[in-house]
Amino acid sequence: MMRQGGTVYLVGAGPGAADLMTLKGRALIEQADCVVYDALVSPVMLSWAKPGCEQVYVGKRAGNHALPQEQINKLLVECGRKYACTVRLKGGDPYVFGRGAEEAAALYAAGVAFEVVPGISSAIAGPAHAGIPVTHRSHCTQFTVFTGHEDATKTESTLDIAGIAAAKGTKVMLMGMSRLRSTLEQLMAAGQGGEVPAAAIQWAATARRRRVIATVATLADAVEQAGLGAPAVVVIGDVVACAPELDWYSRLPLAGKRIVVTRTREQAGELSSALSMLGADVTELPAIRIVPPTDRKDFAAAVVDSPHYDWLIFSSPNGVRKFFEAFFAVYEDIRELGGARIAAVGAGTAAELKKYGLMVDVMPKKAVAEELIAEFDRKADEFGGVANVTMLWVHSEKGRDVVYKELMKRQAIVDECIAYNTVPETEDPTGAKARLQEEGADLITFTSSSTVKNFMAMGIELPQGCKIASIGPITTATLKEYGLTPDIVSENHTIPGLVEAITTGFAS
């Protein structure tokens with residue numbers, strides 16, 4: 001059969017958390033011209049798409065369908081013919097109760113090329129995240145997966161209730177919360193023991209996870225009492241008894257804490273990843289965006305002239321990145337930078353310089369401009385002072401002028417290299433603002449004065465009981481200008497220092 005157009009990739013998005021997506025799945029999203037996605041796909045995954053990528057929501061939740069399946073099939077065919085790379089992003093695995101096979105068949109019939117990229121099914125990952133292994137040598141050597149939600153157009157159920165009830169080992173039900181009580185009653189009527197341990201896990205394999213453990217006979221009541229709903233995985237079997245011992249997630253220091261990260265979209269990953277690894281439910285709500293400086297000509301000229309300076313002074317990791325992006329557009333070799341000594345305001349900036357093979361000569365213990373000047377004064381004898389020394393100060397357009405003024409007072413010859421500007425972030429592709437307003441948060445993090453100013457400009461009311469974390473004294477001072485006193489302040493003004501302070505703050 002002749003194939004038409006590009007390729008449609010049926011990609012399993014995994015059980016919920018973005019970091020459980022496969023490497024191939026992420027790579028395809030990053031190169032996709034169009035992403036067609038379901039309701040349970042993590043919004044973070046959509047942020048991986050390139051600018052200009054068309055994003056089409058076709059989700060189904062609680063009987064509310066954005067598009068009927070037949071129209072989804074038709075849409076995929078149209079996208080496959082229109083775009084070189086279309087990603088059909090489906091929760092879990094495309095072929096595990098995901099109707100992926102129907103979509104693949106429709107693409108085949110239409111002559112559109114397709115590939116299937118498997119994903120981790122919530123049938124396995126959900127229980128594992130809650131401390132429940134679906135198999136265990138001491139308990140069972142097999143497991144059964146079934147759906148509690150069949151095709152509404154069927155005249156009669158094809159679910160083998162008697163067979164499921166009689167099956168040995170673990171039983172896992174997906175998409176069955178709306179019929180949980182009746183399904184459990186049918187299973188018990190067919191011979192399933194009511195005393196067997198059972199669990200329901202909502203938002204399985206994500207930091208939003210909630211879990212109820214009971215027995216087959218009492219699970220429906222326990223779920224209603226706890227207020228659990230879809231999406232959820234139900235597990236029946238002796239392996240449920242392993243949960244108290246094997247529930248690794250609940251023992252993480254930030255388990256279930258809802259934390260908002262306000263850094264730029266490009267920078268948020270480092271902080272978000274560190275918090276997520278400690279169990280936090282992270283919402284990325286960037287308050288600022290990095291853009292080129294107003295005067296690009298002056299910036300370019302300063303970079304070209306940089307090899308002629310005695311000192312290069314960098315105020316931030318952003319400045320380092322933007323400077324060297326421009327530097328390597330002109331020069332091919334880092335050695336063309338010459339013999340300039342290097343100063344950095346803080347360990348984070350020094351770490352960014354190290355990526356380019358550059359070590360710093362002057363760096364204060366505290367990442368503030370005043371401390372950098374004090375460090376220059378302390379090392380004056382070592383370097384012969386700064387009088388009549390040429391210095392290029394690389395910083396942001398809205399940066400404080402402490403470095404410039406203080407070095408000029410000491411008779412240094414200082415030129416400015418304005419490498420970037422920070423502006424308010426106006427886009428919210430993941431719906432983070434709405435989630436914060438609807439669900440609240442336990443903590444909001446601020447990593448610079450600009451994140452504070454632009455977050456406050458959004459006009460978002462701080463959730464009741466929400467704490468505030470600041471990376472350092474300058475950010476804290478800006479918070480106080482708005483009448484806010486941070487609950488957590490990092491002593492080490494770096495991202496790792498902030499993470500450590502947050503962990504300690506919640507532990508106390």
# chains A, B, ... in the order shown; residues from 1 in each chain; ligands from 1

$ select_by_dssp --residues "range 9-129 of chain A" --states "helix (DSSP H, G or I)" --output "MDAnalysis selection string"
chainID A and resid 18:20 23:31 43:46 69:82 100:109 122:129

$ residues_around --residues "Arg99 in chain A" --least-positions-apart "2" --cutoff "12 Å" --atoms "only C-alpha atoms" --output "list in words"
Leu10, Gly12, Asp38, Pro68, Gln69, Glu70, Ile72, Asn73, Arg88, Leu89, Lys90, Gly91, Gly92, Asp93, Pro94, Tyr95, Val96, Phe97, Ala101, Glu102, Glu103, Ala104, Ala105, Ala106, Glu150 and Asp151 of chain A

$ select_by_dssp --residues "range 272-301 of chain A" --states "strand (DSSP E or B)" --output "PyMOL selection string"
chain A and resi 281-284+288-291

$ residues_around --residues "Met45 in chain A" --least-positions-apart "6" --cutoff "9 Å" --atoms "only C-alpha atoms" --output "JSON, numbers by chain"
{"A": [13, 18, 21, 26, 29, 430]}

$ closest_residue --among "A:Cys140, A:Ala123, A:Val260, A:Ala344" --to "Arg435 in chain A" --atoms "only C-alpha atoms"
A:Val260

$ residues_around --residues "Phe324 in chain A" --least-positions-apart "4" --cutoff "12 Å" --atoms "only C-alpha atoms" --output "NGL selection string"
:A and (299-300 or 302-304 or 306 or 314 or 317-320 or 328-334 or 336-337 or 352-353 or 355-358 or 394 or 419)

$ closest_residue --among "A:Trp311, A:Leu484, A:Leu28, A:Lys354" --to "Ile413 in chain A" --atoms "only C-alpha atoms"
A:Trp311

$ closest_residue --among "A:Asp238, A:Glu397, A:Asp281, A:Asp221" --to "Ser316 in chain A" --atoms "only C-alpha atoms"
A:Glu397

$ closest_residue --among "A:Thr7, A:Thr451, A:Gln202, A:Ser182" --to "Arg81 in chain A" --atoms "only C-alpha atoms"
A:Thr7

$ closest_residue --among "A:Glu438, A:Asp487, A:Glu370, A:Glu425" --to "Ala501 in chain A" --atoms "only C-alpha atoms"
A:Asp487

$ residues_around --residues "Arg209 in chain A" --least-positions-apart "5" --cutoff "10 Å" --atoms "only C-alpha atoms" --output "mmCIF file with all heavy atoms, in the first residue's frame"
data_model
loop_
_atom_site.group_PDB
_atom_site.id
_atom_site.type_symbol
_atom_site.label_atom_id
_atom_site.label_comp_id
_atom_site.auth_asym_id
_atom_site.auth_seq_id
_atom_site.Cartn_x
_atom_site.Cartn_y
_atom_site.Cartn_z
ATOM 1 N N GLY A 126 1.799 2.174 38.665
ATOM 2 C CA GLY A 126 0.958 2.718 39.737
ATOM 3 C C GLY A 126 1.113 1.969 41.042
ATOM 4 O O GLY A 126 1.424 2.555 42.087
ATOM 5 N N HIS A 129 4.702 2.431 42.562
ATOM 6 C CA HIS A 129 4.896 3.731 43.190
ATOM 7 C C HIS A 129 4.278 3.765 44.584
ATOM 8 O O HIS A 129 4.709 4.520 45.456
ATOM 9 C CB HIS A 129 4.278 4.824 42.307
ATOM 10 C CG HIS A 129 4.673 6.214 42.667
ATOM 11 N ND1 HIS A 129 3.979 6.970 43.579
ATOM 12 C CD2 HIS A 129 5.696 6.996 42.244
ATOM 13 C CE1 HIS A 129 4.551 8.164 43.690
ATOM 14 N NE2 HIS A 129 5.595 8.211 42.890
ATOM 15 N N ALA A 130 3.276 2.933 44.794
ATOM 16 C CA ALA A 130 2.586 2.880 46.088
ATOM 17 C C ALA A 130 3.108 1.758 46.979
ATOM 18 O O ALA A 130 2.501 1.440 48.003
ATOM 19 C CB ALA A 130 1.085 2.700 45.860
ATOM 20 N N ILE A 201 -5.367 3.455 44.130
ATOM 21 C CA ILE A 201 -4.298 4.460 44.071
ATOM 22 C C ILE A 201 -4.687 5.517 43.050
ATOM 23 O O ILE A 201 -4.758 5.241 41.848
ATOM 24 C CB ILE A 201 -2.956 3.810 43.660
ATOM 25 C CG1 ILE A 201 -2.673 2.575 44.515
ATOM 26 C CG2 ILE A 201 -1.817 4.818 43.777
ATOM 27 C CD1 ILE A 201 -1.878 1.506 43.806
ATOM 28 N N GLN A 202 -4.973 6.723 43.529
ATOM 29 C CA GLN A 202 -5.337 7.827 42.641
ATOM 30 C C GLN A 202 -4.081 8.590 42.230
ATOM 31 O O GLN A 202 -3.148 8.748 43.000
ATOM 32 C CB GLN A 202 -6.314 8.782 43.342
ATOM 33 C CG GLN A 202 -6.828 9.895 42.424
ATOM 34 C CD GLN A 202 -7.805 10.817 43.148
ATOM 35 O OE1 GLN A 202 -7.753 10.959 44.360
ATOM 36 N NE2 GLN A 202 -8.694 11.444 42.399
ATOM 37 N N TRP A 203 -4.070 9.090 40.993
ATOM 38 C CA TRP A 203 -2.900 9.792 40.432
ATOM 39 C C TRP A 203 -1.635 8.973 40.665
ATOM 40 O O TRP A 203 -0.604 9.480 41.099
ATOM 41 C CB TRP A 203 -2.749 11.193 41.044
ATOM 42 C CG TRP A 203 -3.821 12.148 40.628
ATOM 43 C CD1 TRP A 203 -4.813 12.665 41.407
ATOM 44 C CD2 TRP A 203 -4.027 12.680 39.308
ATOM 45 N NE1 TRP A 203 -5.630 13.487 40.670
ATOM 46 C CE2 TRP A 203 -5.171 13.516 39.369
ATOM 47 C CE3 TRP A 203 -3.370 12.531 38.096
ATOM 48 C CZ2 TRP A 203 -5.648 14.201 38.259
ATOM 49 C CZ3 TRP A 203 -3.860 13.217 36.984
ATOM 50 C CH2 TRP A 203 -4.983 14.037 37.077
ATOM 51 N N ALA A 204 -1.748 7.686 40.359
ATOM 52 C CA ALA A 204 -0.632 6.764 40.585
ATOM 53 C C ALA A 204 0.621 7.218 39.853
ATOM 54 O O ALA A 204 0.552 7.779 38.760
ATOM 55 C CB ALA A 204 -1.030 5.367 40.113
ATOM 56 N N ALA A 232 -7.478 6.338 38.662
ATOM 57 C CA ALA A 232 -6.979 5.491 39.739
ATOM 58 C C ALA A 232 -6.770 4.061 39.250
ATOM 59 O O ALA A 232 -7.379 3.626 38.270
ATOM 60 C CB ALA A 232 -7.944 5.506 40.917
ATOM 61 N N TYR A 249 8.108 5.910 48.342
ATOM 62 C CA TYR A 249 7.792 7.297 48.034
ATOM 63 C C TYR A 249 7.387 8.093 49.275
ATOM 64 O O TYR A 249 7.832 9.230 49.473
ATOM 65 C CB TYR A 249 6.679 7.375 46.980
ATOM 66 C CG TYR A 249 6.164 8.773 46.802
ATOM 67 C CD1 TYR A 249 6.904 9.724 46.113
ATOM 68 C CD2 TYR A 249 4.946 9.168 47.367
ATOM 69 C CE1 TYR A 249 6.449 11.022 45.985
ATOM 70 C CE2 TYR A 249 4.491 10.461 47.237
ATOM 71 C CZ TYR A 249 5.239 11.381 46.551
ATOM 72 O OH TYR A 249 4.784 12.671 46.440
ATOM 73 N N SER A 250 6.554 7.513 50.113
ATOM 74 C CA SER A 250 6.065 8.239 51.295
ATOM 75 C C SER A 250 7.183 8.605 52.268
ATOM 76 O O SER A 250 7.010 9.477 53.115
ATOM 77 C CB SER A 250 5.010 7.404 52.030
ATOM 78 O OG SER A 250 3.864 7.257 51.224
ATOM 79 N N ALA A 255 7.734 14.360 50.159
ATOM 80 C CA ALA A 255 6.641 13.577 49.570
ATOM 81 C C ALA A 255 5.314 14.326 49.617
ATOM 82 O O ALA A 255 4.851 14.714 50.688
ATOM 83 C CB ALA A 255 6.516 12.243 50.291
ATOM 84 N N GLY A 256 4.732 14.534 48.424
ATOM 85 C CA GLY A 256 3.411 15.148 48.333
ATOM 86 C C GLY A 256 3.366 16.649 48.524
ATOM 87 O O GLY A 256 2.289 17.250 48.383
ATOM 88 N N ASP A 281 5.628 17.588 44.497
ATOM 89 C CA ASP A 281 4.742 17.753 43.349
ATOM 90 C C ASP A 281 5.015 19.155 42.815
ATOM 91 O O ASP A 281 4.528 20.143 43.358
ATOM 92 C CB ASP A 281 3.284 17.604 43.799
ATOM 93 C CG ASP A 281 2.293 17.878 42.683
ATOM 94 O OD1 ASP A 281 2.706 17.949 41.516
ATOM 95 O OD2 ASP A 281 1.092 18.029 42.991
#

$ closest_residue --among "A:Gln55, A:Gln225, A:Ser490, A:Thr476" --to "Val87 in chain A" --atoms "only C-alpha atoms"
A:Gln55

$ atom_distance --atom1 "CA of Glu224 in chain A" --atom2 "CA of Phe146 in chain A"
21.7 Å

$ atom_distance --atom1 "CA of Val44 in chain A" --atom2 "CA of Ala441 in chain A"
17.5 Å

$ residues_around --residues "Met188 in chain A" --least-positions-apart "6" --cutoff "9 Å" --atoms "only C-alpha atoms" --output "VMD selection string"
chain A and resid 165 194 216 to 217

$ write_last_selection --atoms "N, CA and C atoms" --output "short mmCIF file (atom, residue, chain, number, x, y, z; two decimals), in the first residue's frame"
data_model
loop_
_atom_site.label_atom_id
_atom_site.label_comp_id
_atom_site.auth_asym_id
_atom_site.auth_seq_id
_atom_site.Cartn_x
_atom_site.Cartn_y
_atom_site.Cartn_z
N ALA A 165 -12.33 -13.60 38.86
CA ALA A 165 -12.49 -13.99 40.27
C ALA A 165 -11.72 -15.26 40.59
N GLY A 194 -13.68 -11.86 49.88
CA GLY A 194 -13.86 -10.48 50.35
C GLY A 194 -12.80 -10.04 51.33
N VAL A 216 -11.17 -6.39 49.73
CA VAL A 216 -12.12 -6.38 48.61
C VAL A 216 -13.51 -5.97 49.10
N ALA A 217 -13.91 -6.47 50.26
CA ALA A 217 -15.26 -6.19 50.79
C ALA A 217 -15.41 -4.76 51.27
#

$ decode --residues "range 24-43 of chain A" --atoms "N, CA, C and O atoms" --output "PDB file, in the first residue's frame"
ATOM      1  N   LYS A  24      13.023   7.942  23.814  1.00  0.00           N
ATOM      2  CA  LYS A  24      12.570   8.087  22.430  1.00  0.00           C
ATOM      3  C   LYS A  24      11.299   8.934  22.363  1.00  0.00           C
ATOM      4  O   LYS A  24      11.147   9.756  21.453  1.00  0.00           O
ATOM      5  N   GLY A  25      10.407   8.732  23.318  1.00  0.00           N
ATOM      6  CA  GLY A  25       9.179   9.520  23.342  1.00  0.00           C
ATOM      7  C   GLY A  25       9.461  11.002  23.461  1.00  0.00           C
ATOM      8  O   GLY A  25       8.894  11.826  22.740  1.00  0.00           O
ATOM      9  N   ARG A  26      10.369  11.366  24.381  1.00  0.00           N
ATOM     10  CA  ARG A  26      10.708  12.782  24.545  1.00  0.00           C
ATOM     11  C   ARG A  26      11.359  13.346  23.281  1.00  0.00           C
ATOM     12  O   ARG A  26      11.037  14.458  22.854  1.00  0.00           O
ATOM     13  N   ALA A  27      12.273  12.578  22.690  1.00  0.00           N
ATOM     14  CA  ALA A  27      12.946  13.050  21.482  1.00  0.00           C
ATOM     15  C   ALA A  27      11.947  13.322  20.363  1.00  0.00           C
ATOM     16  O   ALA A  27      12.076  14.307  19.618  1.00  0.00           O
ATOM     17  N   LEU A  28      10.929  12.479  20.244  1.00  0.00           N
ATOM     18  CA  LEU A  28       9.910  12.679  19.209  1.00  0.00           C
ATOM     19  C   LEU A  28       9.061  13.917  19.483  1.00  0.00           C
ATOM     20  O   LEU A  28       8.716  14.660  18.565  1.00  0.00           O
ATOM     21  N   ILE A  29       8.709  14.151  20.745  1.00  0.00           N
ATOM     22  CA  ILE A  29       7.940  15.358  21.090  1.00  0.00           C
ATOM     23  C   ILE A  29       8.744  16.605  20.724  1.00  0.00           C
ATOM     24  O   ILE A  29       8.203  17.584  20.199  1.00  0.00           O
ATOM     25  N   GLU A  30      10.048  16.571  20.990  1.00  0.00           N
ATOM     26  CA  GLU A  30      10.895  17.733  20.727  1.00  0.00           C
ATOM     27  C   GLU A  30      10.990  18.057  19.241  1.00  0.00           C
ATOM     28  O   GLU A  30      11.205  19.208  18.870  1.00  0.00           O
ATOM     29  N   GLN A  31      10.843  17.056  18.383  1.00  0.00           N
ATOM     30  CA  GLN A  31      10.945  17.315  16.948  1.00  0.00           C
ATOM     31  C   GLN A  31       9.585  17.347  16.250  1.00  0.00           C
ATOM     32  O   GLN A  31       9.506  17.606  15.046  1.00  0.00           O
ATOM     33  N   ALA A  32       8.515  17.118  16.986  1.00  0.00           N
ATOM     34  CA  ALA A  32       7.180  17.013  16.377  1.00  0.00           C
ATOM     35  C   ALA A  32       6.699  18.332  15.773  1.00  0.00           C
ATOM     36  O   ALA A  32       6.956  19.416  16.308  1.00  0.00           O
ATOM     37  N   ASP A  33       5.983  18.207  14.653  1.00  0.00           N
ATOM     38  CA  ASP A  33       5.301  19.352  14.048  1.00  0.00           C
ATOM     39  C   ASP A  33       3.896  19.487  14.619  1.00  0.00           C
ATOM     40  O   ASP A  33       3.290  20.557  14.573  1.00  0.00           O
ATOM     41  N   CYS A  34       3.380  18.385  15.158  1.00  0.00           N
ATOM     42  CA  CYS A  34       2.034  18.378  15.734  1.00  0.00           C
ATOM     43  C   CYS A  34       1.982  17.333  16.849  1.00  0.00           C
ATOM     44  O   CYS A  34       2.526  16.235  16.694  1.00  0.00           O
ATOM     45  N   VAL A  35       1.367  17.687  17.971  1.00  0.00           N
ATOM     46  CA  VAL A  35       1.165  16.751  19.075  1.00  0.00           C
ATOM     47  C   VAL A  35      -0.329  16.654  19.357  1.00  0.00           C
ATOM     48  O   VAL A  35      -0.984  17.668  19.618  1.00  0.00           O
ATOM     49  N   VAL A  36      -0.852  15.456  19.290  1.00  0.00           N
ATOM     50  CA  VAL A  36      -2.262  15.193  19.599  1.00  0.00           C
ATOM     51  C   VAL A  36      -2.265  14.440  20.926  1.00  0.00           C
ATOM     52  O   VAL A  36      -1.733  13.332  21.015  1.00  0.00           O
ATOM     53  N   TYR A  37      -2.842  15.041  21.968  1.00  0.00           N
ATOM     54  CA  TYR A  37      -2.633  14.477  23.301  1.00  0.00           C
ATOM     55  C   TYR A  37      -3.921  14.239  24.080  1.00  0.00           C
ATOM     56  O   TYR A  37      -4.951  14.864  23.834  1.00  0.00           O
ATOM     57  N   ASP A  38      -3.808  13.332  25.056  1.00  0.00           N
ATOM     58  CA  ASP A  38      -4.945  12.931  25.896  1.00  0.00           C
ATOM     59  C   ASP A  38      -4.984  13.716  27.205  1.00  0.00           C
ATOM     60  O   ASP A  38      -4.061  14.471  27.533  1.00  0.00           O
ATOM     61  N   ALA A  39      -6.016  13.461  28.009  1.00  0.00           N
ATOM     62  CA  ALA A  39      -6.246  14.207  29.248  1.00  0.00           C
ATOM     63  C   ALA A  39      -5.194  13.939  30.309  1.00  0.00           C
ATOM     64  O   ALA A  39      -4.833  14.832  31.065  1.00  0.00           O
ATOM     65  N   LEU A  40      -4.699  12.709  30.396  1.00  0.00           N
ATOM     66  CA  LEU A  40      -3.809  12.349  31.494  1.00  0.00           C
ATOM     67  C   LEU A  40      -2.331  12.547  31.172  1.00  0.00           C
ATOM     68  O   LEU A  40      -1.468  12.107  31.914  1.00  0.00           O
ATOM     69  N   VAL A  41      -2.047  13.227  30.091  1.00  0.00           N
ATOM     70  CA  VAL A  41      -0.666  13.515  29.714  1.00  0.00           C
ATOM     71  C   VAL A  41      -0.146  14.674  30.571  1.00  0.00           C
ATOM     72  O   VAL A  41      -0.819  15.694  30.724  1.00  0.00           O
ATOM     73  N   SER A  42       1.046  14.519  31.140  1.00  0.00           N
ATOM     74  CA  SER A  42       1.631  15.576  31.961  1.00  0.00           C
ATOM     75  C   SER A  42       1.839  16.843  31.126  1.00  0.00           C
ATOM     76  O   SER A  42       2.427  16.792  30.039  1.00  0.00           O
ATOM     77  N   PRO A  43       1.388  18.008  31.617  1.00  0.00           N
ATOM     78  CA  PRO A  43       1.600  19.261  30.889  1.00  0.00           C
ATOM     79  C   PRO A  43       3.072  19.551  30.627  1.00  0.00           C
ATOM     80  O   PRO A  43       3.413  20.230  29.661  1.00  0.00           O
TER      81      PRO A  43
END
